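K.L.:
Have a look at this one.
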Amino acid sequence: MRYYLLIFAFVISTAVQADADNGLSVYQDNCLACHMYDRRGVSGMAPTLLNSPWIIGSDELLAGYLLTGGFGPQVLMARFDYLTNEDLRDLIEYLRLEEGLDTAIDTEQIQQIRIRYQGEGLYD
Amino acid sequence: MKFIVTLLISFFVIMGHSAEIEHPFAVSENDSTNAVTEIRHSDQLSTTVFADLDGYLRHMAVGPDGTVYVAVTVRMGRGSAMGIYALRDEDNDGHAEIQQAFATDIPGTELLFHDGYLYFGSKTEIYRFTIPEGQYIPSQPPEIVVAGFPVQQRHEAKTFAIDGDHNLFVNVGTPSNTCQFEFRTRGSQGQIPCPQLEYQSGIWRFSADELNQDHRRDGVRVATGVRNAMALEWDQQTNQVYFLNHGRDALNMLFPDLYTAEQSAILPSEEMHILTENGNYGWPYTYYDHLAGERMLAPEYGGNGSIVADARYGYADPIIAFPGHWAPNDIHFYKGSMLPDEFHQGAFVVFHGSWNRAPLPQDGYKIVFVPFDDQGLPNGDWFTVLDGFKGTDILLSPDDARHRPTAISEGNDGELYVSSTISGRVWKITTNE
């Protein structure tokens, strides 16, 4: 019985663990076209993600930025609310690990932020 | 048999639209990068660094006394200076020892001498300066030829051309990528009609001789559906205005189910056109696909990569098409005698180079010559006259480029000048005598 509980706990923990490898793949499919392979961006067009205050800042602002397309007045980013909570969690995990931070956001938290900002462009 | 026919057709299509050819003045594999000027060219040509300037350079014009004027701008966080540089090489060593800035409160785009005046485009006005006799810097502020262009952050450069009848044609670029309801957002549809076509995304005609014209009051829209015609010039020989359009971005990023990254890197075409009265050049509803040889319906408007645009709208086909994202920033019809006569029939095109090909390597970053036939149309060939600007064979990020060529101008002895945005360099190009 205790053995089954252990397996159960293991399955739960992997299910909620952020997957930076998937985050990289989400990055490549959604972000790389503008922010480039090395996350450095393009001067004057797409801001660098290296040492970005948004990435190392609060969970709320980072997830909110991704879900709404940003907080101006810099060049407007696209909205990424079509990404699942899991993909957003993994993307954030990947971006933060690259900055040397291991501060994951869980999908429930992303869902809350998603609901809070639904239908609102934060940019305005 | 079917295979051979298909092969022949695709060969014809590729040839019909654009094919790189060999030429004595073309860069060949054997040509190495000039260690001083950092560009590559055939041994028929010689290059010098005419000036290394502070700022993000734009177009140029050469005055009757040989002074080279270069516009400089600040845009989207780039650039450190505005206005115009006057460059003079009085000891004729290929380097401008006199470099004097003026109009430093105006962001500069296009420069052109007409009727003794130096015409100058900013982001929202067309001005003209009087250069006093015997001097090379104006002593008075400029007169306003046209004002009132919309303020916009993107595609804001007011490039222009003036024809033999003193018509002034001004490019008013579009403020977006494809007029989606939401800027560059996956799944967002395109607006119908696109409101950005009303006072933008086209070419407007004014008089070159009248002062204080207003875009909306006095401008006549001669062409619509032009995303951004940075390269725009009147050719005296054919009495036509030619232009190249910057094609849209992000087919794969916005429509990953319809376009691969590889397709998105090469599509849509960069198009060359002749300006015709009431011409419709297709943006944002369509784009040109040089591989298929067809104008396609844009995915924001129901296209899927193979639905051809409705011919009833009369969209113009390009007279030659180049691979996507190369960013044609200037076109020049050569008039001088330094280069062989064949350069009088055709045009130089400057490709600033791509940013929107990632994850594939970036491309463009070169200056080509496009030979024309007797009808004033490209014959389908082109060759590279100058390259090596990017400073590396494989360029993944545009920020790693050493130079990005943006404009070409001709001096009074038939020599050429080329400017670079990011590096602020101006080159002088002569034949190797």
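To be explicit about the labels: the chains of the structure tokens are called A, B, and onward in the order shown, and within each one the residues are counted from 1, while ligands get numbers from 1 in the order they are shown.
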Chain B near chain A within 10 Å: what's each residue's closest atom pair and its distance in Å to one decimal, counting only C-alpha atoms, ordered by chain then ascending residue number, as CSV?

P.N.:
```
residue,atom,partner,partner_atom,distance
B:Arg75,CA,A:Gly44,CA,7.5
B:Met76,CA,A:Gly44,CA,4.7
B:Gly77,CA,A:Gly44,CA,5.0
B:Arg78,CA,A:Gly44,CA,5.8
B:Gly79,CA,A:Gly44,CA,9.5
B:Gln153,CA,A:Val75,CA,8.7
B:Arg154,CA,A:Met45,CA,9.5
B:Glu182,CA,A:Ala78,CA,7.5
B:Phe183,CA,A:Ala78,CA,6.1
B:Arg184,CA,A:Ala78,CA,5.3
B:Thr185,CA,A:Ala78,CA,4.6
B:Arg186,CA,A:Ala78,CA,7.6
B:Gly187,CA,A:Tyr82,CA,8.8
B:Ser188,CA,A:Arg79,CA,9.7
B:Asp249,CA,A:Ala33,CA,9.8
B:Ala250,CA,A:Ala33,CA,7.6
B:Asn252,CA,A:Ala33,CA,8.9
B:Met253,CA,A:Asn30,CA,6.5
B:Leu254,CA,A:Asn30,CA,8.9
B:Pro256,CA,A:Asp29,CA,8.4
B:Ala261,CA,A:Ala33,CA,9.1
B:Trp355,CA,A:Val42,CA,7.7
B:Asn356,CA,A:Ala33,CA,6.4
B:Arg357,CA,A:Ala33,CA,7.3
B:Ala358,CA,A:Ala33,CA,5.1
B:Pro359,CA,A:Ala33,CA,6.4
B:Leu360,CA,A:Ala33,CA,9.3
B:Leu396,CA,A:Tyr37,CA,7.7
B:Ser397,CA,A:Met36,CA,6.4
B:Pro398,CA,A:Val42,CA,6.7
B:Asp399,CA,A:Val42,CA,6.1
B:Asp400,CA,A:Val42,CA,9.6
B:Ile422,CA,A:Ser43,CA,9.7
```

K.L.:
Quick one: write out the picked residues with C-alpha atoms as a CSV table (one decimal), in the first residue's frame?

P.N.:
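Generated file (result.csv):
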```csv
chain,number,residue,atom,x,y,z
B,75,ARG,CA,14.0,55.3,-35.1
B,76,MET,CA,12.7,52.6,-32.8
B,77,GLY,CA,15.4,53.1,-30.3
B,78,ARG,CA,18.2,53.1,-32.8
B,79,GLY,CA,20.4,55.9,-33.9
B,153,GLN,CA,6.4,54.2,-35.5
B,154,ARG,CA,6.8,51.6,-38.2
B,182,GLU,CA,-4.5,42.4,-33.3
B,183,PHE,CA,-0.9,43.3,-34.1
B,184,ARG,CA,1.1,40.2,-35.1
B,185,THR,CA,-1.1,37.9,-33.1
B,186,ARG,CA,-1.6,34.3,-34.1
B,187,GLY,CA,-5.1,33.6,-35.4
B,188,SER,CA,-6.1,37.3,-35.6
B,249,ASP,CA,6.5,39.1,-42.3
B,250,ALA,CA,5.7,36.1,-40.2
B,252,ASN,CA,4.9,30.7,-40.2
B,253,MET,CA,4.7,32.4,-36.8
B,254,LEU,CA,1.1,33.6,-37.5
B,256,PRO,CA,2.1,27.6,-38.4
B,261,ALA,CA,9.6,28.0,-41.2
B,355,TRP,CA,15.5,39.9,-39.7
B,356,ASN,CA,12.4,37.8,-40.3
B,357,ARG,CA,14.0,34.6,-41.6
B,358,ALA,CA,14.7,33.0,-38.2
B,359,PRO,CA,15.2,30.2,-37.4
B,360,LEU,CA,16.8,30.1,-40.8
B,396,LEU,CA,21.6,34.1,-37.5
B,397,SER,CA,20.7,37.4,-35.9
B,398,PRO,CA,20.6,40.8,-37.6
B,399,ASP,CA,22.3,42.3,-34.6
B,400,ASP,CA,25.4,40.4,-35.5
B,422,ILE,CA,23.6,50.3,-38.2
```

K.L.:
List the neighbours of Pro141 (chain B) out to 9 Å using only C-alpha atoms; skip same-chain residues closer than 6 positions along the sequence, and give me the result as a ChimeraX atom specification.

P.N.:
/B:103,128-130

K.L.:
Tell me, as number ranges by chain, which residues lie within 12 Å of Asp87 (chain A), counting only C-alpha atoms; anything in the same chain fewer than 2 positions away does not count.

P.N.:
A: 16-27, 29-30, 63, 66-67, 80-85, 89-94, 105-107, 110-111

K.L.:
Which of region 20-111 of chain A end up as helix (DSSP H, G or I) when DSSP is run on this backbone - answer as a JSON list (two decimals) with N, CA and C atoms, in the first residue's frame?

P.N.:
```json
[["chain", "number", "residue", "atom", "x", "y", "z"],
["A", 20, "ALA", "N", 11.34, 22.33, -18.75],
["A", 20, "ALA", "CA", 12.07, 23.36, -19.48],
["A", 20, "ALA", "C", 12.36, 22.93, -20.92],
["A", 21, "ASP", "N", 12.45, 21.62, -21.15],
["A", 21, "ASP", "CA", 12.68, 21.17, -22.54],
["A", 21, "ASP", "C", 11.48, 21.52, -23.41],
["A", 22, "ASN", "N", 10.29, 21.27, -22.84],
["A", 22, "ASN", "CA", 9.10, 21.68, -23.59],
["A", 22, "ASN", "C", 9.05, 23.20, -23.72],
["A", 23, "GLY", "N", 9.52, 23.89, -22.66],
["A", 23, "GLY", "CA", 9.56, 25.35, -22.70],
["A", 23, "GLY", "C", 10.42, 25.85, -23.85],
["A", 24, "LEU", "N", 11.55, 25.19, -24.08],
["A", 24, "LEU", "CA", 12.43, 25.56, -25.19],
["A", 24, "LEU", "C", 11.70, 25.35, -26.52],
["A", 25, "SER", "N", 10.98, 24.24, -26.60],
["A", 25, "SER", "CA", 10.27, 23.98, -27.85],
["A", 25, "SER", "C", 9.13, 24.99, -28.06],
["A", 26, "VAL", "N", 8.46, 25.37, -26.97],
["A", 26, "VAL", "CA", 7.44, 26.42, -27.07],
["A", 26, "VAL", "C", 8.10, 27.72, -27.52],
["A", 27, "TYR", "N", 9.27, 28.00, -26.96],
["A", 27, "TYR", "CA", 10.02, 29.20, -27.35],
["A", 27, "TYR", "C", 10.33, 29.18, -28.85],
["A", 28, "GLN", "N", 10.82, 28.04, -29.31],
["A", 28, "GLN", "CA", 11.22, 27.95, -30.72],
["A", 28, "GLN", "C", 10.04, 28.14, -31.66],
["A", 29, "ASP", "N", 8.87, 27.64, -31.24],
["A", 29, "ASP", "CA", 7.69, 27.73, -32.12],
["A", 29, "ASP", "C", 7.01, 29.10, -32.05],
["A", 30, "ASN", "N", 7.18, 29.82, -30.96],
["A", 30, "ASN", "CA", 6.37, 31.02, -30.76],
["A", 30, "ASN", "C", 7.16, 32.31, -30.59],
["A", 32, "LEU", "N", 10.95, 32.60, -31.10],
["A", 32, "LEU", "CA", 12.25, 32.73, -31.76],
["A", 32, "LEU", "C", 12.21, 33.65, -32.98],
["A", 33, "ALA", "N", 11.09, 33.64, -33.71],
["A", 33, "ALA", "CA", 11.02, 34.44, -34.95],
["A", 33, "ALA", "C", 11.35, 35.91, -34.67],
["A", 34, "CYS", "N", 11.00, 36.41, -33.50],
["A", 34, "CYS", "CA", 11.31, 37.80, -33.17],
["A", 34, "CYS", "C", 12.48, 37.95, -32.19],
["A", 35, "HIS", "N", 12.51, 37.10, -31.16],
["A", 35, "HIS", "CA", 13.53, 37.29, -30.13],
["A", 35, "HIS", "C", 14.83, 36.53, -30.43],
["A", 53, "PRO", "N", 13.69, 42.63, -17.12],
["A", 53, "PRO", "CA", 13.03, 42.81, -15.83],
["A", 53, "PRO", "C", 11.71, 42.05, -15.76],
["A", 54, "TRP", "N", 11.09, 41.81, -16.93],
["A", 54, "TRP", "CA", 9.81, 41.08, -16.93],
["A", 54, "TRP", "C", 10.03, 39.62, -16.55],
["A", 55, "ILE", "N", 11.14, 39.07, -17.03],
["A", 55, "ILE", "CA", 11.37, 37.64, -16.79],
["A", 55, "ILE", "C", 11.79, 37.37, -15.35],
["A", 56, "ILE", "N", 12.61, 38.27, -14.83],
["A", 56, "ILE", "CA", 13.05, 38.04, -13.44],
["A", 56, "ILE", "C", 12.10, 38.71, -12.45],
["A", 59, "ASP", "N", 5.59, 37.00, -10.97],
["A", 59, "ASP", "CA", 4.87, 36.01, -11.77],
["A", 59, "ASP", "C", 3.69, 36.67, -12.48],
["A", 60, "GLU", "N", 3.00, 37.50, -11.74],
["A", 60, "GLU", "CA", 1.80, 38.16, -12.25],
["A", 60, "GLU", "C", 2.10, 38.97, -13.52],
["A", 61, "LEU", "N", 3.18, 39.78, -13.44],
["A", 61, "LEU", "CA", 3.49, 40.63, -14.58],
["A", 61, "LEU", "C", 3.99, 39.81, -15.77],
["A", 62, "LEU", "N", 4.79, 38.80, -15.50],
["A", 62, "LEU", "CA", 5.33, 38.00, -16.60],
["A", 62, "LEU", "C", 4.22, 37.22, -17.30],
["A", 63, "ALA", "N", 3.42, 36.49, -16.53],
["A", 63, "ALA", "CA", 2.32, 35.72, -17.15],
["A", 63, "ALA", "C", 1.32, 36.68, -17.78],
["A", 64, "GLY", "N", 1.06, 37.81, -17.13],
["A", 64, "GLY", "CA", 0.14, 38.79, -17.68],
["A", 64, "GLY", "C", 0.64, 39.35, -18.99],
["A", 65, "TYR", "N", 1.95, 39.60, -19.06],
["A", 65, "TYR", "CA", 2.55, 40.13, -20.29],
["A", 65, "TYR", "C", 2.35, 39.14, -21.44],
["A", 66, "LEU", "N", 2.66, 37.87, -21.16],
["A", 66, "LEU", "CA", 2.54, 36.86, -22.22],
["A", 66, "LEU", "C", 1.09, 36.69, -22.68],
["A", 67, "LEU", "N", 0.17, 36.74, -21.72],
["A", 67, "LEU", "CA", -1.24, 36.49, -22.05],
["A", 67, "LEU", "C", -1.90, 37.66, -22.78],
["A", 68, "THR", "N", -1.38, 38.86, -22.60],
["A", 68, "THR", "CA", -2.05, 40.03, -23.16],
["A", 68, "THR", "C", -1.25, 40.75, -24.24],
["A", 85, "ASN", "N", -1.96, 26.61, -20.35],
["A", 85, "ASN", "CA", -1.32, 26.96, -19.08],
["A", 85, "ASN", "C", -0.03, 26.16, -18.90],
["A", 86, "GLU", "N", -0.05, 24.89, -19.35],
["A", 86, "GLU", "CA", 1.14, 24.04, -19.21],
["A", 86, "GLU", "C", 2.28, 24.59, -20.07],
["A", 87, "ASP", "N", 1.95, 24.96, -21.32],
["A", 87, "ASP", "CA", 3.00, 25.49, -22.21],
["A", 87, "ASP", "C", 3.55, 26.82, -21.66],
["A", 88, "LEU", "N", 2.67, 27.64, -21.12],
["A", 88, "LEU", "CA", 3.14, 28.91, -20.55],
["A", 88, "LEU", "C", 4.04, 28.66, -19.34],
["A", 89, "ARG", "N", 3.63, 27.72, -18.50],
["A", 89, "ARG", "CA", 4.45, 27.37, -17.32],
["A", 89, "ARG", "C", 5.83, 26.90, -17.77],
["A", 90, "ASP", "N", 5.85, 26.03, -18.79],
["A", 90, "ASP", "CA", 7.13, 25.48, -19.25],
["A", 90, "ASP", "C", 7.99, 26.57, -19.90],
["A", 91, "LEU", "N", 7.35, 27.45, -20.64],
["A", 91, "LEU", "CA", 8.08, 28.55, -21.28],
["A", 91, "LEU", "C", 8.72, 29.45, -20.22],
["A", 92, "ILE", "N", 7.94, 29.76, -19.19],
["A", 92, "ILE", "CA", 8.46, 30.62, -18.12],
["A", 92, "ILE", "C", 9.60, 29.91, -17.38],
["A", 93, "GLU", "N", 9.43, 28.62, -17.17],
["A", 93, "GLU", "CA", 10.49, 27.83, -16.53],
["A", 93, "GLU", "C", 11.79, 27.91, -17.37],
["A", 94, "TYR", "N", 11.63, 27.70, -18.67],
["A", 94, "TYR", "CA", 12.79, 27.76, -19.56],
["A", 94, "TYR", "C", 13.45, 29.14, -19.51],
["A", 95, "LEU", "N", 12.64, 30.20, -19.66],
["A", 95, "LEU", "CA", 13.20, 31.56, -19.70],
["A", 95, "LEU", "C", 13.88, 31.91, -18.39],
["A", 96, "ARG", "N", 13.28, 31.48, -17.27],
["A", 96, "ARG", "CA", 13.87, 31.83, -15.97],
["A", 96, "ARG", "C", 15.10, 30.99, -15.67],
["A", 97, "LEU", "N", 15.09, 29.72, -16.07],
["A", 97, "LEU", "CA", 16.30, 28.89, -15.86],
["A", 97, "LEU", "C", 17.47, 29.50, -16.61],
["A", 98, "GLU", "N", 17.20, 30.01, -17.83],
["A", 98, "GLU", "CA", 18.26, 30.63, -18.61],
["A", 98, "GLU", "C", 18.81, 31.88, -17.91],
["A", 107, "THR", "N", 0.40, 25.97, -12.89],
["A", 107, "THR", "CA", -0.62, 26.21, -13.91],
["A", 107, "THR", "C", -1.88, 26.84, -13.29],
["A", 108, "GLU", "N", -2.15, 26.51, -12.02],
["A", 108, "GLU", "CA", -3.33, 27.08, -11.37],
["A", 108, "GLU", "C", -3.19, 28.61, -11.27],
["A", 109, "GLN", "N", -1.96, 29.02, -10.93],
["A", 109, "GLN", "CA", -1.67, 30.45, -10.82],
["A", 109, "GLN", "C", -1.83, 31.13, -12.19],
["A", 110, "ILE", "N", -1.35, 30.46, -13.23],
["A", 110, "ILE", "CA", -1.48, 31.03, -14.57],
["A", 110, "ILE", "C", -2.96, 31.13, -14.95],
["A", 111, "GLN", "N", -3.73, 30.11, -14.57],
["A", 111, "GLN", "CA", -5.17, 30.12, -14.87],
["A", 111, "GLN", "C", -5.84, 31.33, -14.19]]
```

K.L.:
Would you mind listing what lies within 8 Å of Tyr242 (chain B) as a ChimeraX atom specification, with only C-alpha atoms counted and same-chain residues fewer than 3 positions away left out?

P.N.:
/B:232-235,272-275

K.L.:
Pick from B:Leu57, B:Val426, B:Leu386, B:Ile394: nearest to Ser32 (chain B), with only C-alpha atoms counted?

P.N.:
B:Leu386

K.L.:
For Gln213 (chain B), find every residue with an atom within 8 Å (counting only C-alpha atoms), except residues of its own chain fewer than 4 positions away, and show them as a list in words.

P.N.:
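Close residues of Gln213 (chain B): Ile144, Val145, Val146, Ala147, Phe206, Arg217, Asp218 and Gly219 of chain B.
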
K.L.:
I'd like the contact shell of Tyr117 (chain B) - 10 Å cut-off, only C-alpha atoms, skipping same-chain residues fewer than 3 positions apart - returned as number ranges by chain.

P.N.:
B: 63, 112-114, 120, 127-132, 142

K.L.:
Can I get the selection written as a short mmCIF file (atom, residue, chain, number, x, y, z; two decimals), in the first residue's frame, with N, CA and C atoms?

P.N.:
```cif
data_model
loop_
_atom_site.label_atom_id
_atom_site.label_comp_id
_atom_site.auth_asym_id
_atom_site.auth_seq_id
_atom_site.Cartn_x
_atom_site.Cartn_y
_atom_site.Cartn_z
N GLY B 63 25.55 66.65 -54.55
CA GLY B 63 25.31 68.00 -55.07
C GLY B 63 26.13 68.28 -56.31
N LEU B 112 17.26 64.33 -52.31
CA LEU B 112 17.25 64.36 -53.77
C LEU B 112 17.43 65.80 -54.24
N PHE B 113 18.34 66.02 -55.20
CA PHE B 113 18.46 67.35 -55.80
C PHE B 113 17.46 67.49 -56.94
N HIS B 114 16.73 68.61 -56.92
CA HIS B 114 15.77 68.88 -57.99
C HIS B 114 15.69 70.39 -58.16
N PHE B 120 14.30 66.89 -49.00
CA PHE B 120 14.67 66.13 -47.81
C PHE B 120 13.40 65.57 -47.17
N TYR B 127 10.70 68.43 -47.08
CA TYR B 127 11.25 69.78 -47.01
C TYR B 127 12.11 70.04 -48.25
N ARG B 128 12.50 71.30 -48.42
CA ARG B 128 13.59 71.55 -49.38
C ARG B 128 14.49 72.67 -48.84
N PHE B 129 15.78 72.47 -49.08
CA PHE B 129 16.79 73.45 -48.66
C PHE B 129 17.32 74.17 -49.89
N THR B 130 17.69 75.41 -49.69
CA THR B 130 18.46 76.14 -50.68
C THR B 130 19.91 76.10 -50.23
N ILE B 131 20.78 75.63 -51.11
CA ILE B 131 22.21 75.65 -50.79
C ILE B 131 22.81 76.87 -51.50
N PRO B 132 23.27 77.86 -50.75
CA PRO B 132 23.78 79.08 -51.40
C PRO B 132 24.97 78.78 -52.31
N PRO B 142 14.77 74.97 -43.73
CA PRO B 142 14.14 74.48 -44.97
C PRO B 142 12.73 75.01 -45.15
#
```
